[in-house]
Amino acid sequence: MTLAIMSAMPEENASLVQSMTVDSSTKIGQRTYFQGQLWGQSVVVVFSRWGKVAAASTAVTLIERFKASEIIFVGVAGAIDPELTIGDVVIGNNFYQHDLDARPMLARHEIPLIGVTSIESDSQRRNELLRAAILFAQQQIRQEVPADVLKQYSLNSPQVVEGGIASGDQFISNASDAMELKQRLPDVVCVEMEGASVAQVCLEHETPFSVLRVISDSANSEADINFQSFVQDVARIYSCQILKNMFEGV
Ligand code: ADE
């Protein structure tokens, strides 16, 4: 059983690779796939690059070439639920491609020939990720994230929620676009650019998948300012520790 971990940012991928015992690395299609052991688990770890096409092609390679039995995606996301703030954690349950629109032939967001508008992640893994993230947010964050970084981003006691995720080939950095999306897809709590495409590939290949996202911005006009430094200083620490908790069976 090989578990694949995809991350949308090179910093997150680098932290995971540093924690691994790497047996081999293979270059395919401008990506490097690292195979080895991570906290007692056989894994293949890769930086997916950005956007739905990049993520989908990486997911296919993971399944076809590396025989991944499951995919976990980690990354950051923009909040569109007003209850969420920077540093909160979202474990995705239902995944929508918010830019998929074949009307009038199909309903808005319907995936052609699959006939659904959203895809659900693996419920068991989702629960494990929720438990692992709650342990991190409630007990470990102060040891893992430096005090000045906690203060800089006002990371007091992050929320951990389960919710819908919408993916599209757009970085949302406009409050009115974010609000319109929330009205159109009310169960969606955050936006990113990969999860739903991995969901579609996994559905088509009968492979379980799950997605962990850390809120990096509020999909408004400040989104680009917060984004880069947040991943470097915070998100990679969250995702590594949450995955470690999960592998250790907390
Ligand atoms: N990933 C992180 N923030 C995002 C945003 N605002 N829009 C799309 N993807 C994101």
# chains A, B, ... in the order shown; residues from 1 in each chain; ligands from 1
>>> select_by_dssp(residues="region 127-165 of chain A", states="strand (DSSP E)", output="PDB file with N, CA, C and O atoms, in the first residue's frame")
ATOM      1  N   VAL A 160     -10.708  24.061  13.528  1.00  0.00           N
ATOM      2  CA  VAL A 160     -10.562  22.954  12.583  1.00  0.00           C
ATOM      3  C   VAL A 160     -11.972  22.603  12.137  1.00  0.00           C
ATOM      4  O   VAL A 160     -12.814  22.270  12.982  1.00  0.00           O
ATOM      5  N   VAL A 161     -12.250  22.701  10.845  1.00  0.00           N
ATOM      6  CA  VAL A 161     -13.616  22.438  10.375  1.00  0.00           C
ATOM      7  C   VAL A 161     -13.590  21.470   9.198  1.00  0.00           C
ATOM      8  O   VAL A 161     -12.600  21.356   8.472  1.00  0.00           O
ATOM      9  N   GLU A 162     -14.736  20.810   9.040  1.00  0.00           N
ATOM     10  CA  GLU A 162     -14.968  19.988   7.859  1.00  0.00           C
ATOM     11  C   GLU A 162     -15.889  20.806   6.964  1.00  0.00           C
ATOM     12  O   GLU A 162     -16.837  21.418   7.472  1.00  0.00           O
ATOM     13  N   GLY A 163     -15.627  20.839   5.642  1.00  0.00           N
ATOM     14  CA  GLY A 163     -16.514  21.641   4.799  1.00  0.00           C
ATOM     15  C   GLY A 163     -16.238  21.453   3.328  1.00  0.00           C
ATOM     16  O   GLY A 163     -15.270  20.791   2.933  1.00  0.00           O
ATOM     17  N   GLY A 164     -17.100  22.066   2.518  1.00  0.00           N
ATOM     18  CA  GLY A 164     -16.956  21.984   1.068  1.00  0.00           C
ATOM     19  C   GLY A 164     -15.797  22.842   0.581  1.00  0.00           C
ATOM     20  O   GLY A 164     -15.489  23.874   1.179  1.00  0.00           O
ATOM     21  N   ILE A 165     -15.169  22.371  -0.493  1.00  0.00           N
ATOM     22  CA  ILE A 165     -14.056  23.115  -1.097  1.00  0.00           C
ATOM     23  C   ILE A 165     -14.353  23.285  -2.582  1.00  0.00           C
ATOM     24  O   ILE A 165     -14.795  22.344  -3.251  1.00  0.00           O
TER      25      ILE A 165
END
>>> residues_near_ligand(ligand="ligand 1", cutoff="6 Å", atoms="only C-alpha atoms and all ligand atoms", output="PyMOL selection string")
chain A and resi 76-78+170-173+191-193+216-217+219+223
>>> residues_around(residues="Lys67 (chain A)", least_positions_apart="6", cutoff="9 Å", atoms="only C-alpha atoms", output="number ranges by chain")
A: 1-3, 61
>>> write_last_selection(atoms="N, CA, C and O atoms", output="mmCIF file, in the first residue's frame")
data_model
loop_
_atom_site.group_PDB
_atom_site.id
_atom_site.type_symbol
_atom_site.label_atom_id
_atom_site.label_comp_id
_atom_site.auth_asym_id
_atom_site.auth_seq_id
_atom_site.Cartn_x
_atom_site.Cartn_y
_atom_site.Cartn_z
ATOM 1 N N MET A 1 0.850 -1.201 0.000
ATOM 2 C CA MET A 1 0.000 0.000 0.000
ATOM 3 C C MET A 1 0.880 1.243 0.000
ATOM 4 O O MET A 1 1.632 1.458 0.951
ATOM 5 N N THR A 2 0.808 2.019 -1.051
ATOM 6 C CA THR A 2 1.578 3.265 -1.096
ATOM 7 C C THR A 2 0.636 4.446 -1.037
ATOM 8 O O THR A 2 -0.268 4.578 -1.857
ATOM 9 N N LEU A 3 0.897 5.278 -0.048
ATOM 10 C CA LEU A 3 0.088 6.479 0.126
ATOM 11 C C LEU A 3 0.797 7.624 -0.597
ATOM 12 O O LEU A 3 1.993 7.812 -0.417
ATOM 13 N N THR A 61 -0.298 10.271 -12.730
ATOM 14 C CA THR A 61 1.033 9.644 -12.640
ATOM 15 C C THR A 61 1.171 8.878 -11.325
ATOM 16 O O THR A 61 1.713 7.768 -11.283
#
>>> select_by_dssp(residues="region 31-239 of chain A", states="helix (DSSP H, G or I)", output="ChimeraX atom specification")
/A:52-64,123-144,147-152,175-184,195-204,223-239
>>> residues_around(residues="region 96-99 of chain A", least_positions_apart="5", cutoff="7 Å", atoms="only C-alpha atoms", output="PyMOL selection string")
chain A and resi 109+117-119+165-168+196
>>> write_last_selection(atoms="N, CA and C atoms", output="PDB file, in the first residue's frame")
ATOM      1  N   HIS A 109     -21.652  23.347 -12.973  1.00  0.00           N
ATOM      2  CA  HIS A 109     -20.697  22.554 -12.170  1.00  0.00           C
ATOM      3  C   HIS A 109     -20.784  21.046 -12.408  1.00  0.00           C
ATOM      4  N   THR A 117     -22.191  17.046  -9.511  1.00  0.00           N
ATOM      5  CA  THR A 117     -21.622  18.392  -9.402  1.00  0.00           C
ATOM      6  C   THR A 117     -20.574  18.483  -8.293  1.00  0.00           C
ATOM      7  N   SER A 118     -20.531  17.470  -7.435  1.00  0.00           N
ATOM      8  CA  SER A 118     -19.486  17.469  -6.405  1.00  0.00           C
ATOM      9  C   SER A 118     -19.052  16.033  -6.140  1.00  0.00           C
ATOM     10  N   ILE A 119     -17.857  15.900  -5.580  1.00  0.00           N
ATOM     11  CA  ILE A 119     -17.293  14.576  -5.278  1.00  0.00           C
ATOM     12  C   ILE A 119     -16.866  14.579  -3.811  1.00  0.00           C
ATOM     13  N   ILE A 165     -15.169  22.371  -0.493  1.00  0.00           N
ATOM     14  CA  ILE A 165     -14.056  23.115  -1.097  1.00  0.00           C
ATOM     15  C   ILE A 165     -14.353  23.285  -2.582  1.00  0.00           C
ATOM     16  N   ALA A 166     -14.130  24.510  -3.083  1.00  0.00           N
ATOM     17  CA  ALA A 166     -14.311  24.766  -4.508  1.00  0.00           C
ATOM     18  C   ALA A 166     -12.956  25.046  -5.138  1.00  0.00           C
ATOM     19  N   SER A 167     -12.699  24.366  -6.262  1.00  0.00           N
ATOM     20  CA  SER A 167     -11.422  24.536  -6.961  1.00  0.00           C
ATOM     21  C   SER A 167     -11.677  25.115  -8.339  1.00  0.00           C
ATOM     22  N   GLY A 168     -10.750  25.955  -8.795  1.00  0.00           N
ATOM     23  CA  GLY A 168     -10.850  26.513 -10.136  1.00  0.00           C
ATOM     24  C   GLY A 168      -9.520  27.103 -10.524  1.00  0.00           C
ATOM     25  N   ALA A 196     -10.488  19.686  -6.357  1.00  0.00           N
ATOM     26  CA  ALA A 196     -11.584  19.026  -7.076  1.00  0.00           C
ATOM     27  C   ALA A 196     -11.102  18.297  -8.319  1.00  0.00           C
TER      28      ALA A 196
END
>>> residues_around(residues="Trp39 (chain A)", least_positions_apart="5", cutoff="8 Å", atoms="only C-alpha atoms", output="number ranges by chain")
A: 20, 244, 247-248
>>> write_last_selection(atoms="C-alpha atoms", output="PDB file, in the first residue's frame")
ATOM      1  CA  MET A  20      11.352  11.107   4.902  1.00  0.00           C
ATOM      2  CA  LYS A 244       2.604  12.938  11.484  1.00  0.00           C
ATOM      3  CA  PHE A 247       0.266   8.382  10.747  1.00  0.00           C
ATOM      4  CA  GLU A 248       0.935   7.872  14.440  1.00  0.00           C
TER       5      GLU A 248
END
>>> closest_residue(among="A:Val22, A:Ile111, A:Val89, A:Ile80", to="Leu203 (chain A)", atoms="only C-alpha atoms")
A:Ile111
>>> closest_residue(among="A:Pro104, A:Gly29, A:Gly115, A:Gly92", to="Asn127 (chain A)", atoms="only C-alpha atoms")
A:Gly92
>>> closest_residue(among="A:Glu120, A:Ala59, A:Gly87, A:Gln41", to="Gln152 (chain A)", atoms="only C-alpha atoms")
A:Gly87
>>> closest_residue(among="A:Arg108, A:Leu155, A:Glu222, A:Ala199", to="Arg184 (chain A)", atoms="only C-alpha atoms")
A:Arg108
